[in-house]
file coords04.txt (compact mmCIF, C-alpha atoms)
# COMPACT_ATOMS: atom_id res chain seq x y z
CA MET I 1 96.74 1.26 215.50
CA ALA I 2 99.94 2.56 217.16
CA ARG I 3 100.53 1.67 220.78
CA ALA I 4 102.39 3.83 223.27
CA PRO I 5 105.72 2.17 224.04
CA ALA I 6 106.77 1.53 227.60
CA ILE I 7 108.10 4.66 229.25
CA PRO I 8 111.38 4.42 231.15
CA GLU I 9 111.44 5.26 234.81
CA PRO I 10 112.39 8.92 235.40
CA ASN I 11 116.07 9.45 236.09
CA ASN I 12 117.52 11.59 238.82
CA HIS I 13 117.53 14.95 237.05
CA LYS I 14 120.18 16.40 239.34
CA GLU I 15 122.48 13.54 238.34
CA LEU I 16 121.66 14.11 234.68
CA SER I 17 122.31 17.83 234.99
CA ALA I 18 125.67 17.07 236.57
CA ARG I 19 126.50 14.53 233.87
CA ILE I 20 125.89 16.89 231.01
CA GLN I 21 128.38 19.41 232.34
CA ARG I 22 131.78 19.28 230.65
CA ARG I 23 134.03 17.12 232.79
CA GLY I 24 137.64 18.12 233.34
CA PRO I 25 140.68 15.87 233.61
CA CYS I 26 140.54 13.27 236.38
CA ALA I 27 141.80 14.54 239.72
CA ASP I 28 143.78 11.41 240.31
CA ALA I 29 145.55 11.61 236.96
CA ALA I 30 148.47 13.56 238.43
CA MET I 31 150.74 11.05 240.17
CA PRO I 32 152.97 12.04 243.11
CA ILE I 33 156.67 12.18 242.33
CA SER I 34 159.18 11.31 245.01
CA ALA I 35 162.14 13.57 245.60
CA PRO I 36 165.41 12.10 244.24
CA SER I 37 167.76 10.41 246.67
CA SER I 38 170.83 12.23 247.89
CA ASP I 39 172.89 9.22 246.93
CA SER I 40 174.85 10.30 243.84
CA SER I 41 175.04 6.75 242.53
CA SER I 42 171.25 6.57 242.15
CA SER I 43 170.68 10.13 240.95
CA SER I 44 170.57 9.23 237.27
CA GLY I 45 168.13 6.36 237.90
CA SER I 46 165.90 8.60 240.01
CA GLY I 47 165.95 11.25 237.32
CA ALA I 48 164.85 8.73 234.74
CA ARG I 49 162.02 7.58 237.00
CA VAL I 50 160.89 11.20 237.46
CA TRP I 51 160.73 11.72 233.71
CA VAL I 52 158.81 8.47 233.29
CA LEU I 53 156.33 9.49 235.97
CA HIS I 54 155.99 12.92 234.37
CA GLY I 55 155.24 11.27 231.05
CA LEU I 56 152.68 8.92 232.57
CA ALA I 57 150.96 11.79 234.37
CA LEU I 58 150.77 13.91 231.24
CA GLY I 59 149.53 10.94 229.20
CA ALA I 60 146.81 10.16 231.75
CA ALA I 61 145.73 13.81 231.84
CA ALA I 62 145.57 13.95 228.03
CA ALA I 63 143.53 10.74 227.91
CA ALA I 64 141.15 12.04 230.57
CA ALA I 65 140.70 15.31 228.68
CA ALA I 66 139.99 13.43 225.45
CA ALA I 67 137.46 11.20 227.20
CA ALA I 68 135.78 14.22 228.76
CA TYR I 69 135.42 15.78 225.32
CA LEU I 70 134.14 12.65 223.60
CA TYR I 71 131.73 11.72 226.40
CA ARG I 72 130.67 15.13 227.67
CA TRP I 73 127.03 14.26 226.82
CA PRO I 74 125.32 11.10 228.05
CA SER I 75 124.27 8.46 225.54
CA GLY I 76 121.16 9.52 223.64
CA PHE I 77 121.44 13.19 224.65
CA ARG I 78 119.15 15.43 222.62
CA SER I 79 121.47 18.13 221.31
CA ARG I 80 120.23 19.56 217.99
CA ALA I 81 116.97 21.55 217.96
CA VAL I 82 114.87 23.07 215.18
CA GLY I 83 112.11 25.62 215.58
CA ILE I 84 109.10 25.16 213.30
CA ILE I 85 106.38 27.80 213.00
CA PRO I 86 103.23 26.23 211.53
CA ALA I 87 100.96 28.75 209.82
CA ARG I 88 97.70 28.42 207.94
CA PHE I 89 95.41 30.97 206.37
CA ALA I 90 92.03 29.30 206.98
CA SER I 91 91.61 29.75 210.74
CA THR I 92 88.08 29.28 212.02
CA ARG I 93 88.40 32.03 214.63
CA PHE I 94 90.47 34.55 212.65
CA GLU I 95 91.00 33.87 208.96
CA GLY I 96 94.27 35.11 207.52
CA LYS I 97 95.73 36.15 210.87
CA PRO I 98 99.37 35.26 209.96
CA LEU I 99 99.26 38.11 207.42
CA VAL I 100 97.45 40.63 209.62
CA HIS I 101 99.77 43.55 210.33
CA ILE I 102 100.86 44.46 213.84
CA LEU I 103 102.52 47.88 213.92
CA GLY I 104 103.45 47.64 210.25
CA LYS I 105 104.64 44.02 210.10
CA PRO I 106 102.72 40.77 209.48
CA THR I 107 101.99 38.72 212.60
CA ILE I 108 104.03 35.80 211.25
CA GLN I 109 107.05 38.07 210.77
CA ARG I 110 106.75 39.43 214.31
CA THR I 111 106.71 35.86 215.62
CA TRP I 112 109.60 34.73 213.40
CA GLU I 113 111.78 37.64 214.53
CA ARG I 114 111.27 36.66 218.17
CA VAL I 115 111.97 32.98 217.50
CA MET I 116 115.21 33.84 215.72
CA LEU I 117 116.54 35.27 218.99
CA ALA I 118 116.44 31.87 220.75
CA SER I 119 119.98 30.64 221.36
CA SER I 120 119.02 26.94 221.62
CA LEU I 121 117.73 26.56 218.05
CA ASP I 122 120.05 25.38 215.28
CA HIS I 123 117.52 26.17 212.54
CA VAL I 124 114.13 27.91 212.14
CA VAL I 125 111.52 27.34 209.42
CA VAL I 126 107.94 28.31 208.67
CA ALA I 127 105.67 25.42 207.66
CA THR I 128 102.58 26.36 205.64
CA ASN I 129 100.23 25.09 202.95
CA ASP I 130 99.35 28.57 201.72
CA GLU I 131 101.36 30.26 198.98
CA ARG I 132 100.35 33.73 200.22
CA ILE I 133 101.93 33.05 203.59
CA ALA I 134 104.97 31.41 201.95
CA GLU I 135 105.56 34.41 199.67
CA CYS I 136 105.25 36.80 202.60
CA CYS I 137 107.74 34.79 204.69
CA ARG I 138 110.28 34.52 201.90
CA GLY I 139 110.02 38.28 201.51
CA PHE I 140 111.41 38.95 204.98
CA GLY I 141 114.05 36.19 204.76
CA ALA I 142 112.45 33.17 206.45
CA ASN I 143 113.04 29.59 205.34
CA VAL I 144 109.76 28.05 204.21
CA ILE I 145 108.63 24.43 203.86
CA MET I 146 105.40 23.78 201.99
CA THR I 147 103.12 21.21 203.60
CA SER I 148 99.95 19.48 202.47
CA GLU I 149 96.35 20.55 202.96
CA SER I 150 95.63 17.33 204.85
CA CYS I 151 97.43 18.34 208.07
CA LYS I 152 94.80 18.41 210.82
CA ASN I 153 96.77 20.58 213.25
CA GLY I 154 100.06 22.34 213.86
CA SER I 155 101.78 19.24 215.23
CA GLU I 156 101.04 17.23 212.09
CA ARG I 157 102.30 20.14 210.00
CA CYS I 158 105.52 20.18 212.03
CA CYS I 159 105.87 16.43 211.55
CA GLU I 160 105.60 16.74 207.77
CA ALA I 161 108.06 19.64 207.73
CA LEU I 162 110.53 17.67 209.88
CA LYS I 163 110.57 14.80 207.37
CA LYS I 164 111.43 17.27 204.59
CA LEU I 165 114.42 18.77 206.40
CA GLU I 166 117.81 17.64 205.13
CA LYS I 167 119.57 17.55 208.51
CA HIS I 168 118.76 15.48 211.60
CA TYR I 169 117.31 17.17 214.68
CA ASP I 170 116.69 15.65 218.12
CA ILE I 171 114.17 18.23 219.31
CA VAL I 172 111.43 20.03 217.41
CA VAL I 173 109.89 23.14 218.93
CA ASN I 174 106.42 23.99 217.63
CA ILE I 175 105.90 27.74 218.02
CA GLN I 176 102.47 29.00 217.04
CA GLY I 177 102.60 31.67 214.36
CA ASP I 178 100.23 33.93 216.31
CA GLU I 179 102.63 34.60 219.22
CA PRO I 180 104.32 37.89 218.25
CA LEU I 181 105.50 38.51 221.81
CA ILE I 182 106.95 35.07 222.54
CA GLU I 183 110.11 35.35 224.65
CA PRO I 184 113.19 33.58 223.21
CA GLU I 185 114.11 32.51 226.75
CA ILE I 186 110.88 30.47 226.92
CA ILE I 187 111.90 28.60 223.77
CA ASP I 188 115.31 27.90 225.31
CA GLY I 189 113.61 26.64 228.47
CA VAL I 190 111.39 24.23 226.56
CA VAL I 191 114.44 22.80 224.76
CA MET I 192 116.32 22.46 228.05
CA LEU I 193 113.43 20.49 229.60
CA LEU I 194 113.70 17.73 227.00
CA GLN I 195 117.46 17.67 227.36
CA ARG I 196 117.20 17.15 231.12
CA ALA I 197 114.19 14.81 231.23
CA PRO I 198 114.92 11.75 229.08
CA ASP I 199 111.68 10.08 230.18
CA ALA I 200 109.59 12.88 228.63
CA VAL I 201 108.76 13.11 224.92
CA PHE I 202 107.00 16.49 225.08
CA SER I 203 107.70 19.77 226.86
CA THR I 204 105.79 23.01 227.17
CA ALA I 205 105.49 26.20 229.22
CA VAL I 206 102.93 27.77 231.52
CA THR I 207 102.56 31.09 233.29
CA SER I 208 100.26 32.57 235.92
CA LEU I 209 96.61 32.84 234.89
CA LYS I 210 94.98 36.24 235.25
CA PRO I 211 91.66 36.20 237.14
CA GLU I 212 89.83 37.81 234.20
CA ASP I 213 90.91 34.93 231.95
CA ALA I 214 89.64 32.19 234.27
CA PHE I 215 86.55 31.36 232.19
CA ASP I 216 87.89 32.35 228.76
CA THR I 217 87.85 29.16 226.68
CA ASN I 218 90.59 30.56 224.41
CA ARG I 219 92.92 30.50 227.43
CA VAL I 220 93.99 26.91 228.08
CA LYS I 221 94.64 25.98 231.71
CA CYS I 222 97.06 23.37 233.04
CA VAL I 223 97.73 21.39 236.22
CA VAL I 224 101.06 19.72 236.99
CA ASP I 225 102.38 17.29 239.58
CA ASN I 226 105.02 18.09 242.19
CA LYS I 227 107.81 16.97 239.85
CA GLY I 228 106.83 19.30 237.03
CA TYR I 229 105.02 16.80 234.79
CA ALA I 230 101.69 17.70 233.22
CA ILE I 231 98.54 16.08 234.63
CA TYR I 232 95.86 17.70 232.48
CA PHE I 233 94.96 20.63 230.20
CA SER I 234 91.51 22.18 229.82
CA ARG I 235 89.69 25.11 228.31
CA GLY I 236 87.72 25.27 231.53
CA LEU I 237 89.10 26.42 234.85
CA ILE I 238 91.17 23.72 236.55
CA PRO I 239 91.22 22.89 239.33
CA PHE I 240 87.56 23.78 239.78
CA ASN I 241 86.39 24.11 243.38
CA LYS I 242 82.90 23.30 244.65
CA SER I 243 81.99 26.97 245.17
CA GLY I 244 82.24 27.53 241.41
CA ASN I 245 84.22 30.73 241.96
CA VAL I 246 87.83 31.66 241.26
CA ASN I 247 90.01 31.22 244.33
CA PRO I 248 92.19 34.37 244.46
CA LYS I 249 94.77 32.52 246.55
CA TYR I 250 95.22 29.57 244.18
CA PRO I 251 98.09 29.72 241.62
CA TYR I 252 96.17 28.79 238.45
CA LEU I 253 98.35 28.11 235.41
CA LEU I 254 97.88 29.30 231.84
CA HIS I 255 99.29 27.20 229.00
CA LEU I 256 101.45 29.05 226.46
CA GLY I 257 101.39 28.32 222.73
CA ILE I 258 104.65 26.42 222.50
CA ALA I 259 105.50 22.70 222.44
CA GLY I 260 108.77 20.80 222.35
CA PHE I 261 108.80 17.29 220.83
CA ASP I 262 111.33 14.52 220.86
CA SER I 263 111.79 14.21 217.08
CA LYS I 264 111.31 10.42 217.10
CA PHE I 265 108.05 10.81 218.98
CA LEU I 266 106.84 13.56 216.64
CA LYS I 267 107.23 11.20 213.68
CA ILE I 268 104.78 8.71 215.23
CA TYR I 269 102.48 11.34 216.74
CA PRO I 270 100.16 11.57 213.69
CA GLU I 271 99.75 7.77 213.76
CA LEU I 272 98.45 7.78 217.34
CA PRO I 273 94.66 7.39 217.43
CA PRO I 274 92.62 10.46 218.44
CA THR I 275 91.50 10.30 222.05
CA PRO I 276 88.16 11.22 223.66
CA LEU I 277 89.63 13.96 225.84
CA GLN I 278 91.55 15.46 222.92
CA MET I 279 88.40 15.66 220.80
CA GLU I 280 86.22 16.95 223.64
CA GLU I 281 88.59 19.76 224.63
CA ASP I 282 90.03 20.24 221.11
CA LEU I 283 93.57 20.25 222.54
CA GLU I 284 96.43 18.42 220.80
CA GLN I 285 98.51 17.94 223.92
CA LEU I 286 95.83 15.74 225.50
CA LYS I 287 96.49 13.06 222.88
CA VAL I 288 100.04 12.84 224.21
CA LEU I 289 98.92 12.37 227.82
CA GLU I 290 96.00 10.08 227.05
CA ASN I 291 98.25 7.73 225.09
CA GLY I 292 100.47 7.30 228.14
CA TYR I 293 103.43 9.58 227.36
CA ARG I 294 105.09 11.98 229.79
CA MET I 295 105.18 15.75 229.37
CA LYS I 296 107.50 18.15 231.22
CA VAL I 297 106.33 21.67 232.05
CA ILE I 298 108.31 24.82 232.84
CA LYS I 299 106.72 27.78 234.63
CA VAL I 300 107.77 31.20 233.35
CA ASP I 301 106.91 34.82 234.02
CA HIS I 302 105.28 35.90 230.78
CA ASP I 303 102.43 38.24 229.93
CA ALA I 304 100.73 35.96 227.38
CA HIS I 305 99.29 37.74 224.35
CA GLY I 306 98.50 35.55 221.37
CA VAL I 307 96.41 36.64 218.40
CA ASP I 308 93.28 34.53 218.88
CA ALA I 309 90.68 37.01 217.60
CA PRO I 310 90.62 40.31 215.65
CA GLU I 311 90.24 42.35 218.84
CA ASP I 312 93.58 40.97 220.11
CA VAL I 313 95.50 42.93 217.46
CA GLU I 314 94.72 46.27 219.06
CA LYS I 315 95.64 44.95 222.52
CA ILE I 316 99.00 43.67 221.30
CA GLU I 317 99.79 46.90 219.45
CA ALA I 318 99.07 48.90 222.62
CA LEU I 319 101.31 46.60 224.63
CA MET I 320 104.11 46.83 222.06
CA ARG I 321 103.88 50.63 222.03
CA ALA I 322 104.15 50.66 225.83
CA ARG I 323 107.16 48.32 225.73
CA ASN I 324 108.83 50.36 223.00
CA SER I 325 108.26 53.51 225.06
CA VAL I 326 109.90 51.95 228.11
CA GLU I 327 112.80 50.63 226.01
CA ASN I 328 113.28 54.06 224.41
CA GLU I 329 113.27 55.72 227.83
CA GLU I 330 115.89 53.24 229.03
CA LYS I 331 118.02 53.93 225.94
CA VAL I 332 117.72 57.71 226.44
CA SER I 333 118.62 57.34 230.11
CA ALA I 334 121.64 55.20 229.22
CA LEU I 335 122.69 57.75 226.59
CA HIS I 336 122.47 60.59 229.13
CA CYS I 337 124.61 58.58 231.57
CA TYR I 338 127.14 57.88 228.82
CA ARG I 339 127.30 61.55 227.81
CA HIS I 340 127.69 62.55 231.46
CA ARG I 341 130.64 60.16 231.94
CA ILE I 342 132.28 61.38 228.72
CA GLY I 343 131.74 64.98 229.80
CA VAL I 344 133.33 64.38 233.19
CA ARG I 345 136.32 62.66 231.58
CA LEU I 346 136.80 65.53 229.13
CA LEU I 347 136.71 68.03 231.98
CA VAL I 348 139.32 66.02 233.87
CA VAL I 349 141.56 65.85 230.78
CA LEU I 350 141.10 69.59 230.16
CA PHE I 351 141.91 70.38 233.79
CA HIS I 352 145.16 68.38 233.66
CA PHE I 353 146.06 69.93 230.30
CA LEU I 354 145.52 73.47 231.55
CA ASN I 355 147.24 72.68 234.84
CA GLY I 356 150.31 71.56 232.90
CA MET I 357 150.40 74.82 230.93
CA ILE I 358 150.37 77.07 234.00
CA PRO I 359 153.95 77.76 235.18
CA SER I 360 154.71 76.83 238.76
call {"tool": "encode", "arguments": {"input": "coords04.txt", "output": "structure tokens"}}
result
Amino acid sequence: MARAPAIPEPNNHKELSARIQRRGPCADAAMPISAPSSDSSSSSGSGARVWVLHGLALGAAAAAAAAAYLYRWPSGFRSRAVGIIPARFASTRFEGKPLVHILGKPTIQRTWERVMLASSLDHVVVATNDERIAECCRGFGANVIMTSESCKNGSERCCEALKKLEKHYDIVVNIQGDEPLIEPEIIDGVVMLLQRAPDAVFSTAVTSLKPEDAFDTNRVKCVVDNKGYAIYFSRGLIPFNKSGNVNPKYPYLLHLGIAGFDSKFLKIYPELPPTPLQMEEDLEQLKVLENGYRMKVIKVDHDAHGVDAPEDVEKIEALMRARNSVENEEKVSALHCYRHRIGVRLLVVLFHFLNGMIPS
């Protein structure tokens, strides 16, 4: 039975953030050069010393620049990231949802297109055990890795897919295949968390919980400490006050369907024993916390809309239509502004042209 290794003490994240910035040449590399003596007998010697000092200064600057390049990341920095979208056909709540169309495209394609916009990912793959999903994904250009039927959840499917990848990756981002409106900036934020928190092996994202979702068990809630580390996740409302009612003044948090893993941790994750809280809540992330590992959380402004049930499809389509309408209005407005500027410029050119033709 695998045991959770000792977790290092959290580092000063401001120091880490400063360390990972590209460092320039050392300020003290440039050495002061004395002005040559007025004594003509020593002028040649002074000139030689000046050239020597110039050479030493340039050499020191070059060495500093080379060191800054070679050591711009701290030891053990997690640089390379892969996005894995686990997808299965046999969902208990909504069978076949990866292939259900949303405004003319399969849900899995909508999700994949959003994930491909993330700037932090070096590679993106779909991991599935279903040939129907695989064929669909290959049809719109996605890379597919076939996984076994024995995977119990998305994390185990990601772990199997990671082992089949040819290249090494430091971070694995598990993006659920039923998130067609996932923001690429959220993916980038989850990657950044693991890069800046070396004591964490898992990262995720939360957003504000809507009051109407407070008692929806499909909406997972989260509480964090004052340093941004997860304390607990639940399908019930947390924290839960003694009145039993939603406190309109409390900033409840909703967990989003995305998880970042340290790749070394992901490889041992399936070997960790199931935990009582994980099984009671049916939440994978609780196994991470209950086994003693640390999890970093980023809060984002996101209108969460995953496909959890058939009725969610219509809601997402309505939201996408509204967004497309706003985007089209913005494009039309920008086009009108562009045409107006071009028109004004043409009038100015025409005025100067005609003005030049009129004799004085």
call {"tool": "closest_residue", "arguments": {"input": "coords04.txt", "among": "I:Ile145, I:Leu209, I:Val201, I:Leu256", "to": "I:Asn291", "atoms": "all atoms listed in the file"}}
result
I:Val201
call {"tool": "residues_around", "arguments": {"input": "coords04.txt", "residues": "I:Gly189", "least_positions_apart": "4", "cutoff": "8 Å", "atoms": "only C-alpha atoms", "output": "list in words"}}
result
Glu185, Leu193 and Ile298 of chain I
call {"tool": "residues_around", "arguments": {"input": "coords04.txt", "residues": "I:Ala259", "least_positions_apart": "3", "cutoff": "6 Å", "atoms": "only C-alpha atoms", "output": "PyMOL selection string"}}
result
chain I and resi 173-174+203-204
call {"tool": "residues_around", "arguments": {"input": "coords04.txt", "residues": "I:Ala318", "least_positions_apart": "5", "cutoff": "12 Å", "atoms": "all atoms listed in the file", "output": "CSV table (one decimal) with C-alpha atoms, in the coordinates of the input"}}
result
chain,number,residue,atom,x,y,z
I,102,ILE,CA,100.9,44.5,213.8
I,103,LEU,CA,102.5,47.9,213.9
I,305,HIS,CA,99.3,37.7,224.4
I,311,GLU,CA,90.2,42.4,218.8
I,312,ASP,CA,93.6,41.0,220.1
I,313,VAL,CA,95.5,42.9,217.5
I,323,ARG,CA,107.2,48.3,225.7
I,324,ASN,CA,108.8,50.4,223.0
I,325,SER,CA,108.3,53.5,225.1
call {"tool": "atom_distance", "arguments": {"input": "coords04.txt", "atom1": "atom CA of I:Pro98", "atom2": "atom CA of I:Glu179"}}
result
9.8 Å
call {"tool": "closest_residue", "arguments": {"input": "coords04.txt", "among": "I:Gly260, I:Gly236, I:Pro310, I:Pro276", "to": "I:Asp170", "atoms": "only C-alpha atoms"}}
result
I:Gly260
call {"tool": "axis_aligned_box", "arguments": {"input": "coords04.txt", "around": "stretch 284-294 of chain I", "padding_each_side": "6 Å", "output": "AutoDock Vina command-line options"}}
result
--center_x 100.5 --center_y 12.9 --center_z 225.3 --size_x 21.3 --size_y 23.1 --size_z 21.0
call {"tool": "atom_distance", "arguments": {"input": "coords04.txt", "atom1": "atom CA of I:Thr217", "atom2": "atom CA of I:Val288"}}
result
20.5 Å
call {"tool": "closest_residue", "arguments": {"input": "coords04.txt", "among": "I:Val172, I:Met320, I:Ser243, I:Tyr232", "to": "I:Leu277", "atoms": "only C-alpha atoms"}}
result
I:Tyr232
call {"tool": "closest_residue", "arguments": {"input": "coords04.txt", "among": "I:His123, I:Ala309, I:Asp216, I:Ile342", "to": "I:Arg93", "atoms": "all atoms listed in the file"}}
result
I:Ala309
